[in-house]
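Quick look at my_file-v4.csv (CSV, C-alpha atoms):
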```csv
chain,number,residue,atom,x,y,z
L,255,MET,CA,15.4,112.2,190.7
L,256,THR,CA,18.6,111.6,192.7
L,257,SER,CA,20.2,114.8,194.0
L,258,THR,CA,23.9,115.2,193.0
L,259,ILE,CA,26.9,117.3,193.8
L,260,THR,CA,29.1,118.4,190.9
L,261,ALA,CA,32.6,119.8,191.0
L,262,THR,CA,34.6,121.1,188.1
L,263,TYR,CA,38.4,121.0,188.0
L,264,GLU,CA,41.4,121.8,185.8
L,265,LEU,CA,43.5,118.6,185.7
L,266,ASP,CA,47.0,118.2,184.5
L,267,THR,CA,48.0,114.5,183.9
L,268,ALA,CA,50.4,112.5,181.8
L,269,ILE,CA,48.2,109.4,181.5
L,270,ALA,CA,45.2,108.8,179.4
L,271,PRO,CA,42.5,111.2,180.5
L,272,GLU,CA,39.8,108.5,180.9
L,273,ARG,CA,42.1,106.5,183.1
L,274,ALA,CA,42.9,109.5,185.2
L,275,ALA,CA,39.2,110.3,185.6
L,276,ASP,CA,38.5,106.7,186.6
L,277,ILE,CA,41.2,106.8,189.2
L,278,ILE,CA,40.0,110.1,190.7
L,279,ALA,CA,36.4,109.2,190.7
L,280,GLY,CA,37.1,105.8,192.3
L,281,GLU,CA,39.3,107.3,195.0
L,282,GLN,CA,36.7,109.9,195.9
L,283,SER,CA,33.7,107.6,196.0
L,284,SER,CA,33.3,103.8,196.2
L,285,GLY,CA,36.6,102.6,194.8
L,286,THR,CA,40.2,102.1,195.9
L,287,PHE,CA,43.5,101.2,194.3
L,288,VAL,CA,42.4,97.6,193.6
L,289,ALA,CA,39.1,95.9,192.8
L,290,ILE,CA,37.4,94.5,195.9
L,291,PRO,CA,34.5,92.1,196.4
L,292,GLY,CA,32.3,94.7,198.2
L,293,GLU,CA,32.2,97.1,195.3
L,294,ASP,CA,29.7,95.2,193.2
L,295,GLU,CA,27.6,96.8,190.3
L,296,ALA,CA,24.7,97.5,192.6
L,297,LEU,CA,26.9,99.5,195.0
L,298,LYS,CA,28.5,101.3,192.1
L,299,ALA,CA,25.2,102.3,190.7
L,300,ARG,CA,24.2,104.0,193.9
L,301,ALA,CA,27.5,105.4,195.2
L,302,ALA,CA,30.2,105.7,192.5
L,303,ALA,CA,31.2,109.1,191.2
L,304,THR,CA,30.6,109.8,187.5
L,305,TRP,CA,32.8,111.9,185.3
L,306,GLN,CA,33.2,113.9,182.1
L,307,ILE,CA,36.5,115.0,180.8
L,308,THR,CA,37.4,117.4,178.0
L,309,PRO,CA,40.8,118.4,176.6
L,310,LEU,CA,41.8,122.0,177.0
L,311,ASN,CA,43.9,123.4,174.3
L,312,VAL,CA,46.3,125.4,176.5
L,313,PRO,CA,50.1,125.1,177.2
L,314,CYS,CA,51.0,122.6,179.8
L,315,THR,CA,54.3,121.3,181.2
L,316,ALA,CA,55.3,118.1,179.3
L,317,PRO,CA,54.5,115.3,179.4
L,318,ASN,CA,51.3,116.4,181.0
L,319,LYS,CA,48.2,117.7,179.2
L,320,ARG,CA,45.4,119.8,180.7
L,321,TYR,CA,41.7,118.8,180.9
L,322,LEU,CA,38.5,120.1,182.2
L,323,LEU,CA,37.2,117.4,184.6
L,324,LYS,CA,33.6,117.3,186.0
L,325,LEU,CA,32.9,114.9,188.8
L,326,SER,CA,29.5,114.2,190.2
L,327,TRP,CA,28.5,112.4,193.4
L,328,PRO,CA,25.1,111.2,194.7
L,329,LEU,CA,24.1,113.4,197.7
L,330,GLN,CA,23.3,110.2,199.6
L,331,ASN,CA,27.1,109.5,199.8
L,332,LEU,CA,27.6,112.3,202.3
L,333,GLY,CA,24.4,114.2,202.9
L,334,ALA,CA,24.1,118.0,203.0
L,335,SER,CA,27.3,118.5,205.1
L,336,LEU,CA,29.8,121.2,204.3
L,337,PRO,CA,32.6,119.7,206.3
L,338,ASN,CA,32.1,116.3,204.5
L,339,LEU,CA,31.7,118.0,201.2
L,340,LEU,CA,35.3,119.3,201.6
L,341,ALA,CA,36.5,115.7,202.1
L,342,THR,CA,34.7,114.7,198.9
L,343,VAL,CA,35.5,117.5,196.5
L,344,ALA,CA,38.9,118.5,197.9
L,345,GLY,CA,40.3,115.5,199.7
L,346,ASN,CA,42.8,112.8,198.6
L,347,LEU,CA,42.4,113.4,194.9
L,348,TYR,CA,45.1,116.2,195.0
L,349,GLU,CA,47.7,113.7,196.2
L,350,LEU,CA,47.2,110.9,193.6
L,351,LYS,CA,50.3,110.0,191.7
L,352,HIS,CA,48.6,110.4,188.4
L,353,VAL,CA,47.6,113.9,189.2
L,354,ALA,CA,50.3,116.4,188.2
L,355,LYS,CA,48.1,119.4,189.1
L,356,LEU,CA,44.5,120.0,190.1
L,357,ARG,CA,42.4,123.1,190.7
L,358,LEU,CA,38.8,123.1,191.9
L,359,LEU,CA,37.0,125.7,189.7
L,360,ASP,CA,33.4,125.5,190.8
L,361,ILE,CA,30.9,123.5,192.8
L,362,GLU,CA,27.2,123.0,192.1
L,363,LEU,CA,25.1,122.0,195.2
L,364,PRO,CA,21.6,120.6,195.3
L,365,ASP,CA,18.7,122.3,197.2
L,366,GLU,CA,19.3,120.1,200.2
L,367,PHE,CA,22.3,122.2,201.1
L,368,ALA,CA,20.1,125.4,201.1
L,369,ALA,CA,17.7,123.7,203.5
L,370,ALA,CA,20.6,122.5,205.8
L,371,TYR,CA,22.5,125.8,206.2
L,372,PRO,CA,21.3,129.3,207.1
L,373,GLY,CA,23.2,131.5,204.7
L,374,PRO,CA,23.8,135.2,205.5
L,375,ALA,CA,21.5,136.7,208.2
L,376,PHE,CA,22.3,140.3,207.1
L,377,GLY,CA,24.1,140.3,203.7
L,378,ILE,CA,24.2,143.5,201.7
L,379,ALA,CA,20.9,145.1,202.9
L,380,GLY,CA,21.5,144.3,206.5
L,381,THR,CA,25.0,145.7,206.3
L,382,ARG,CA,23.8,148.9,204.8
L,383,LYS,CA,21.1,149.3,207.4
L,384,LEU,CA,23.4,148.8,210.4
L,385,ALA,CA,26.1,151.0,208.9
L,386,GLY,CA,23.6,153.8,208.1
L,387,VAL,CA,24.8,153.9,204.5
L,388,ALA,CA,21.9,153.6,202.0
L,389,THR,CA,23.9,154.3,198.9
L,390,GLY,CA,27.5,154.4,197.7
L,391,PRO,CA,30.4,152.3,198.9
L,392,LEU,CA,31.1,151.8,202.6
L,393,VAL,CA,34.4,153.7,203.0
L,394,GLY,CA,36.6,152.3,205.7
L,395,THR,CA,40.0,151.3,207.1
L,396,ILE,CA,41.9,148.8,209.1
L,397,ILE,CA,43.6,149.9,212.3
L,398,LYS,CA,47.3,150.3,211.6
L,399,PRO,CA,49.8,149.4,212.8
L,400,SER,CA,48.3,146.0,212.7
L,401,VAL,CA,49.7,145.0,216.1
L,402,GLY,CA,51.6,146.9,218.8
L,403,LEU,CA,48.9,149.4,219.7
L,404,SER,CA,47.4,149.3,223.2
L,405,ALA,CA,43.6,149.4,223.7
L,406,ASP,CA,44.0,153.1,224.4
L,407,GLY,CA,46.1,153.6,221.3
L,408,THR,CA,43.5,151.8,219.2
L,409,THR,CA,40.7,153.9,220.7
L,410,GLU,CA,42.5,157.2,219.9
L,411,PHE,CA,42.5,156.3,216.2
L,412,VAL,CA,38.9,155.2,216.3
L,413,ASP,CA,37.9,158.5,217.9
L,414,GLN,CA,39.6,160.4,215.0
L,415,LEU,CA,38.1,158.1,212.4
L,416,CYS,CA,34.6,158.5,213.8
L,417,ALA,CA,35.0,162.3,213.9
L,418,ALA,CA,36.1,162.2,210.2
L,419,GLY,CA,32.9,160.4,209.2
L,420,VAL,CA,34.3,157.0,208.2
L,421,ASP,CA,31.7,154.3,207.7
L,422,PHE,CA,33.7,151.2,208.6
L,423,ILE,CA,36.7,150.1,210.8
L,424,LYS,CA,38.1,146.7,211.3
L,425,ASP,CA,40.7,145.0,213.5
L,426,ASP,CA,43.6,143.6,211.5
L,427,GLU,CA,43.4,139.8,211.4
L,428,LEU,CA,46.7,139.7,213.5
L,429,GLN,CA,44.9,141.6,216.3
L,430,ALA,CA,42.6,139.4,218.3
L,431,ASP,CA,43.3,139.1,222.1
L,432,GLY,CA,47.0,139.6,222.6
L,433,PRO,CA,48.3,140.6,226.1
L,434,SER,CA,49.3,144.0,224.8
L,435,CYS,CA,45.7,144.8,223.5
L,436,PRO,CA,43.2,142.5,225.3
L,437,PHE,CA,40.0,141.9,223.5
L,438,ASP,CA,37.6,142.9,226.3
L,439,GLU,CA,39.4,146.1,227.1
L,440,ARG,CA,39.6,147.1,223.4
L,441,ALA,CA,36.0,146.3,222.8
L,442,ARG,CA,34.7,148.3,225.7
L,443,LYS,CA,36.9,151.4,225.0
L,444,VAL,CA,36.2,151.3,221.2
L,445,MET,CA,32.5,150.9,221.6
L,446,ASP,CA,32.4,153.7,224.2
L,447,VAL,CA,33.9,156.0,221.6
L,448,ILE,CA,31.7,154.8,218.8
L,449,ASN,CA,28.5,155.1,220.9
L,450,ARG,CA,29.5,158.6,221.9
L,451,HIS,CA,29.9,159.7,218.3
L,452,ALA,CA,26.7,157.9,217.3
L,453,ASP,CA,24.8,159.8,220.0
L,454,ARG,CA,26.1,163.1,218.5
L,455,SER,CA,25.8,162.3,214.8
L,456,GLY,CA,23.0,159.7,214.6
L,457,LYS,CA,25.2,157.3,212.7
L,458,LYS,CA,27.0,154.4,214.3
L,459,VAL,CA,30.3,153.4,212.7
L,460,MET,CA,30.5,149.7,211.9
L,461,TYR,CA,33.5,148.1,213.6
L,462,ALA,CA,34.6,144.5,212.8
L,463,PHE,CA,35.9,143.1,216.0
L,464,ASN,CA,38.2,140.1,215.4
L,465,LEU,CA,36.7,137.4,217.5
L,466,THR,CA,38.9,134.6,216.1
L,467,GLY,CA,39.8,132.0,218.8
L,468,GLU,CA,38.4,128.9,220.4
L,469,LEU,CA,34.7,128.4,220.0
L,470,ASP,CA,33.8,129.3,223.5
L,471,GLU,CA,36.0,132.4,223.3
L,472,MET,CA,34.3,133.5,220.1
L,473,LYS,CA,30.8,133.1,221.5
L,474,ARG,CA,31.7,135.0,224.7
L,475,ARG,CA,33.4,137.8,222.7
L,476,HIS,CA,30.3,138.0,220.4
L,477,ASP,CA,28.1,138.4,223.5
L,478,LEU,CA,30.3,141.2,224.8
L,479,VAL,CA,30.2,143.1,221.5
L,480,LEU,CA,26.5,142.7,221.3
L,481,SER,CA,26.0,143.9,224.9
L,482,LEU,CA,28.1,147.0,224.1
L,483,GLY,CA,26.0,147.9,221.1
L,484,GLY,CA,28.5,146.7,218.5
L,485,THR,CA,27.1,145.9,215.0
L,486,LEU,CA,29.7,143.5,213.5
L,487,THR,CA,32.0,140.6,214.2
L,488,MET,CA,34.9,139.2,212.2
L,489,LEU,CA,36.3,135.7,211.9
L,490,SER,CA,39.4,134.4,210.1
L,491,LEU,CA,37.8,131.6,208.0
L,492,ASN,CA,40.8,129.4,207.5
L,493,SER,CA,41.7,129.6,211.2
L,494,VAL,CA,38.2,128.6,212.6
L,495,GLY,CA,37.3,126.1,209.8
L,496,LEU,CA,33.8,125.3,208.6
L,497,THR,CA,32.8,123.4,211.7
L,498,GLY,CA,33.8,126.3,214.0
L,499,PHE,CA,32.2,128.8,211.7
L,500,ASN,CA,28.9,126.9,211.6
L,501,ALA,CA,28.8,126.6,215.3
L,502,PHE,CA,29.4,130.3,215.8
L,503,ARG,CA,26.9,131.2,213.1
L,504,LYS,CA,24.2,129.4,215.1
L,505,HIS,CA,25.0,131.5,218.1
L,506,SER,CA,25.5,134.8,216.3
L,507,GLN,CA,23.1,137.7,216.4
L,508,LEU,CA,25.4,140.1,214.5
L,509,PRO,CA,26.7,140.2,210.9
L,510,ILE,CA,29.9,138.2,210.2
L,511,HIS,CA,32.8,139.8,208.4
L,512,ALA,CA,34.6,136.9,206.8
L,513,HIS,CA,38.4,137.4,206.4
L,514,ARG,CA,40.1,135.0,204.0
L,515,ASN,CA,43.7,135.4,205.3
L,516,GLY,CA,45.7,132.3,204.3
L,517,TRP,CA,44.0,132.2,200.9
L,518,GLY,CA,47.5,132.2,199.4
L,519,TYR,CA,48.2,128.6,200.4
L,520,LEU,CA,44.8,127.5,198.9
L,521,LYS,CA,44.7,129.4,195.7
L,522,ASP,CA,46.7,126.9,193.6
L,523,GLY,CA,44.2,124.2,194.4
L,524,TRP,CA,41.0,126.2,194.5
L,525,SER,CA,39.4,129.1,192.7
L,526,TYR,CA,37.8,131.7,194.8
L,527,ILE,CA,34.5,131.1,192.9
L,528,ALA,CA,34.3,127.6,194.6
L,529,TYR,CA,35.7,128.6,197.9
L,530,GLN,CA,33.4,131.5,198.6
L,531,LYS,CA,30.2,129.5,198.0
L,532,LEU,CA,30.9,127.3,201.1
L,533,TRP,CA,31.2,130.3,203.4
L,534,ARG,CA,28.3,132.2,201.9
L,535,LEU,CA,26.1,129.2,202.5
L,536,ALA,CA,27.5,128.8,206.0
L,537,GLY,CA,26.4,132.4,206.8
L,538,ALA,CA,29.1,135.0,206.0
L,539,ASP,CA,27.7,138.4,205.4
L,540,GLN,CA,30.8,140.2,204.0
L,541,MET,CA,33.7,138.5,202.2
L,542,HIS,CA,37.1,139.7,201.3
L,543,VAL,CA,37.9,139.6,197.6
L,544,ASN,CA,41.3,141.4,197.6
L,545,GLY,CA,41.6,144.7,195.6
L,546,LEU,CA,42.8,146.1,192.3
L,547,ALA,CA,46.5,146.7,191.8
L,548,ASN,CA,46.9,144.9,195.2
L,549,LYS,CA,50.1,144.1,197.1
L,550,PHE,CA,49.6,140.3,196.5
L,551,GLN,CA,49.8,138.2,193.4
L,552,GLU,CA,46.2,138.2,192.2
L,553,THR,CA,45.3,139.8,188.9
L,554,ASP,CA,42.7,142.5,188.6
L,555,ASP,CA,40.4,140.3,186.5
L,556,SER,CA,40.4,137.6,189.2
L,557,VAL,CA,39.5,140.2,191.9
L,558,ILE,CA,36.6,141.5,189.9
L,559,ALA,CA,35.4,138.0,189.0
L,560,SER,CA,35.4,137.2,192.8
L,561,ALA,CA,33.5,140.3,193.6
L,562,ARG,CA,30.8,139.7,191.0
L,563,GLU,CA,30.4,136.2,192.2
L,564,CYS,CA,29.3,137.6,195.6
L,565,PHE,CA,26.2,139.0,193.8
L,566,ILE,CA,25.2,135.8,192.1
L,567,PRO,CA,22.5,133.8,193.9
L,568,LEU,CA,23.5,130.3,195.1
L,569,PHE,CA,19.9,129.0,195.0
L,570,LYS,CA,16.7,130.3,193.4
L,571,HIS,CA,14.9,130.6,196.7
L,572,LYS,CA,17.9,131.3,198.9
L,573,PRO,CA,20.2,133.8,197.1
L,574,CYS,CA,23.0,134.0,199.9
L,575,THR,CA,24.4,137.1,198.3
L,576,VAL,CA,27.0,138.9,200.3
L,577,MET,CA,28.9,142.3,200.3
L,578,PRO,CA,32.4,142.0,198.8
L,579,VAL,CA,35.2,143.7,200.7
L,580,PHE,CA,38.0,145.3,198.7
L,581,SER,CA,41.2,145.5,200.7
L,582,SER,CA,45.0,145.1,200.2
L,583,GLY,CA,47.1,148.1,199.3
L,584,GLN,CA,44.1,150.2,198.3
L,585,THR,CA,44.3,154.0,198.0
L,586,VAL,CA,42.4,156.6,196.1
L,587,ASN,CA,43.9,155.3,192.9
L,588,GLN,CA,41.9,152.1,192.7
L,589,ALA,CA,38.4,153.7,193.0
L,590,PRO,CA,37.9,154.5,189.3
L,591,GLY,CA,39.0,151.1,188.2
L,592,THR,CA,36.9,149.3,190.8
L,593,TRP,CA,33.8,151.3,189.8
L,594,ALA,CA,34.4,150.9,186.1
L,595,ALA,CA,34.8,147.1,186.3
L,596,LEU,CA,32.1,146.3,188.9
L,597,GLN,CA,29.5,149.0,188.1
L,598,SER,CA,28.2,148.6,191.7
L,599,THR,CA,28.7,150.3,195.0
L,600,ASP,CA,27.5,147.4,197.0
L,601,LEU,CA,31.0,147.0,198.5
L,602,ILE,CA,33.2,147.9,201.4
L,603,TYR,CA,36.3,149.7,200.3
L,604,LEU,CA,39.1,149.5,202.9
L,605,ALA,CA,42.3,151.5,202.8
L,606,GLY,CA,44.7,150.9,205.8
L,607,GLY,CA,48.0,152.6,204.9
L,608,GLY,CA,46.2,154.3,202.1
L,609,LEU,CA,44.2,156.3,204.7
L,610,PHE,CA,46.5,156.5,207.7
L,611,ALA,CA,49.5,157.6,205.6
L,612,HIS,CA,47.7,160.6,204.1
L,613,PRO,CA,50.0,163.6,204.6
L,614,GLY,CA,47.0,165.6,206.0
L,615,GLY,CA,46.2,163.0,208.6
L,616,ILE,CA,43.3,160.7,209.3
L,617,ALA,CA,40.4,163.2,208.5
L,618,ALA,CA,42.1,164.1,205.2
L,619,GLY,CA,42.6,160.4,204.4
L,620,VAL,CA,38.9,159.7,204.8
L,621,ALA,CA,37.9,162.8,202.8
L,622,ALA,CA,40.2,161.8,200.0
L,623,LEU,CA,38.8,158.3,199.7
L,624,ARG,CA,35.2,159.7,199.5
L,625,GLN,CA,36.3,162.3,196.9
L,626,SER,CA,37.9,159.6,194.8
L,627,TRP,CA,34.7,157.5,194.8
L,628,GLU,CA,32.5,160.5,194.1
L,629,ALA,CA,34.7,161.4,191.1
L,630,ALA,CA,34.8,157.8,189.9
L,631,MET,CA,31.0,157.4,190.0
L,632,ASN,CA,30.6,160.7,188.0
L,633,ASN,CA,33.2,159.6,185.5
L,634,VAL,CA,35.4,162.5,186.4
L,635,PRO,CA,39.2,161.7,186.2
L,636,LEU,CA,40.9,161.9,189.6
L,637,GLU,CA,43.3,164.5,188.3
L,638,VAL,CA,40.5,166.8,187.3
L,639,ALA,CA,38.6,166.3,190.6
L,640,ALA,CA,41.9,167.0,192.5
L,641,LYS,CA,41.9,170.5,191.2
L,642,THR,CA,39.1,171.4,193.5
L,643,HIS,CA,39.7,168.8,196.3
L,644,ARG,CA,42.9,169.4,198.3
L,645,GLU,CA,42.7,166.1,200.1
L,646,LEU,CA,42.5,164.1,196.9
L,647,LYS,CA,45.3,166.1,195.4
L,648,GLU,CA,47.6,165.4,198.3
L,649,ALA,CA,46.6,161.7,198.2
L,650,LEU,CA,47.4,161.4,194.5
L,651,GLU,CA,50.8,162.9,195.1
L,652,LYS,CA,51.5,160.7,198.1
L,653,PHE,CA,50.4,157.5,196.4
L,654,ALA,CA,51.7,158.2,192.9
L,655,GLY,CA,52.8,155.0,191.2
```
How does this structure look as structure tokens?
Amino acid sequence: MTSTITATYELDTAIAPERAADIIAGEQSSGTFVAIPGEDEALKARAAATWQITPLNVPCTAPNKRYLLKLSWPLQNLGASLPNLLATVAGNLYELKHVAKLRLLDIELPDEFAAAYPGPAFGIAGTRKLAGVATGPLVGTIIKPSVGLSADGTTEFVDQLCAAGVDFIKDDELQADGPSCPFDERARKVMDVINRHADRSGKKVMYAFNLTGELDEMKRRHDLVLSLGGTLTMLSLNSVGLTGFNAFRKHSQLPIHAHRNGWGYLKDGWSYIAYQKLWRLAGADQMHVNGLANKFQETDDSVIASARECFIPLFKHKPCTVMPVFSSGQTVNQAPGTWAALQSTDLIYLAGGGLFAHPGGIAAGVAALRQSWEAAMNNVPLEVAAKTHRELKEALEKFAG
């Protein structure tokens, strides 16, 4: 049986749907804009994309109509290659004149991809083990201000956060190796503080160092973090690309925190359901899914669907499940809704301003986040829990509305 790749799209077009499907399938496989002698029936039989198209009864901008389009390709066209998969399922088809709008909804990959790519080395269980958090959400933050702090300024905040019992800290994606906060200096000073607190408490805070850069830089930074006793690295997916990520994953001995910054310029042409599959298979261990009532444009339903997808195995014998990361304007207010919708604490819950801006300071900010999750998991309204938890009460007042 021939292995196939299948991609599902929403398609808006003004022409006959069968004609549109034929054009797209030809463009993305063996055909071109005009019949040529080399594309004989034998070649079509082994290389041409096949399609199914179904009308969708939804409003659409006239004269276009919307359809559900499924395209399938023989694996032998490209092999089990993620970079070349992108060219196939998300290449020139978006630009065709007969395509008014196209959105990739999902991808189904054959087992050959599972054999070709490593998947997460740590995932949910490995993250929990390294963070020393067996149950409940990992409560954390992003260093704020995002940029402008020196290595010493960053370290002062890390010291306070560790003392407050936070589980997780990350660099902002804007902070990598700027002259005002050099990576090597930041990593050495931050890990000195984290190790000191770990020696005292027995728990090592997980810090996501932003390694994003050229491949040789990322490898060298990884090696430094590893030598210092660090337990996590972070890459900006859309900056390093699949090839850079794959090369780094082969080198890495630490979990990879996958940041999706730049998702906004992709979301009109992709669903996150399809997007995250590629990175999970490539080896991401933690993936951003946005957050409820976020500061961006994504709906809550979309955020929860993205998080749930992180738990769904990609292959029967290679699950590739990852830990979803909730971030983006999160405060104590979103804990009940996140718990109610997801019914899982296999997640990382990050509040940047929602922690740092607490009127009682950093320690109170950490405490309030923990109190909000404890209340949520016990089905206690935050307003009720706040009667006996000052930090939560002050957070609710600060972040009201």
Nearest residue to Pro567 (chain L) from the set L:Glu362, L:Glu264, L:Asp426, L:Glu293 (distances using all atoms listed in the file):
L:Glu362
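CA of Arg624 (chain L) is found 15.6 Å from CA of Gly386 (chain L).
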Which is closer to Lys319 (chain L) than all the others in L:Lys355, L:His505, L:Arg475, L:His643, using only C-alpha atoms?
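Using only C-alpha atoms, the shortest distance to Lys319 (chain L) belongs to L:Lys355.
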Within 7 Å of region 364-376 of chain L, counting only C-alpha atoms, which residues show up once you throw out same-chain ones fewer than 5 positions away? Write them as a list of chain:residue names, please.
L:Ser257, L:Thr258, L:Ile259, L:Ala334, L:Thr381, L:Pro509, L:Arg534, L:Leu535, L:Ala536, L:Gly537, L:Ala538, L:Asp539, L:Lys572, L:Cys574
Anything within 9 Å of (29.7, 153.5, 206.7): list those residues as a CSV table (one decimal) with C-alpha atoms, in the coordinates of the input, counting all atoms listed in the file and sticking to the file's coordinates.
```csv
chain,number,residue,atom,x,y,z
L,382,ARG,CA,23.8,148.9,204.8
L,384,LEU,CA,23.4,148.8,210.4
L,385,ALA,CA,26.1,151.0,208.9
L,386,GLY,CA,23.6,153.8,208.1
L,387,VAL,CA,24.8,153.9,204.5
L,391,PRO,CA,30.4,152.3,198.9
L,392,LEU,CA,31.1,151.8,202.6
L,393,VAL,CA,34.4,153.7,203.0
L,394,GLY,CA,36.6,152.3,205.7
L,419,GLY,CA,32.9,160.4,209.2
L,420,VAL,CA,34.3,157.0,208.2
L,421,ASP,CA,31.7,154.3,207.7
L,422,PHE,CA,33.7,151.2,208.6
L,423,ILE,CA,36.7,150.1,210.8
L,457,LYS,CA,25.2,157.3,212.7
L,458,LYS,CA,27.0,154.4,214.3
L,459,VAL,CA,30.3,153.4,212.7
L,460,MET,CA,30.5,149.7,211.9
L,602,ILE,CA,33.2,147.9,201.4
```
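Considering all atoms listed in the file, the residue among L:Thr308, L:Ser404, L:Glu281, L:Ala354 positioned nearest to Thr342 (chain L) is L:Glu281.
Closest to Arg440 (chain L) among L:Gly456, L:Leu428, L:Gln306, L:Thr408 is L:Thr408, based on all atoms listed in the file.
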Mind listing whatever residues come within 12 Å of the point (40.2, 150.6, 199.9)? Use all atoms listed in the file, file coordinates, and give them as a ChimeraX atom specification.
/L:391-396,422-423,542-548,578-593,601-610,619-620,622-624,626-627
Can you tell me how far CA of Leu469 (chain L) sits from CA of Ala501 (chain L), in Å to one decimal?
7.8 Å
Region 615-617 of chain L environment, 8 Å, all atoms listed in the file, sequence neighbours closer than 3 positions dropped, as a list of chain:residue names:
L:Gln414, L:Leu415, L:Ala417, L:Ala418, L:Leu609, L:Phe610, L:Ala611, L:His612, L:Val620, L:Ala621
Asp276 (chain L) surroundings by only C-alpha atoms, 9 Å radius, close-in-sequence under 5 positions cut, as a list in words
Pro271, Glu281, Ala303, Thr304 and Trp305 of chain L
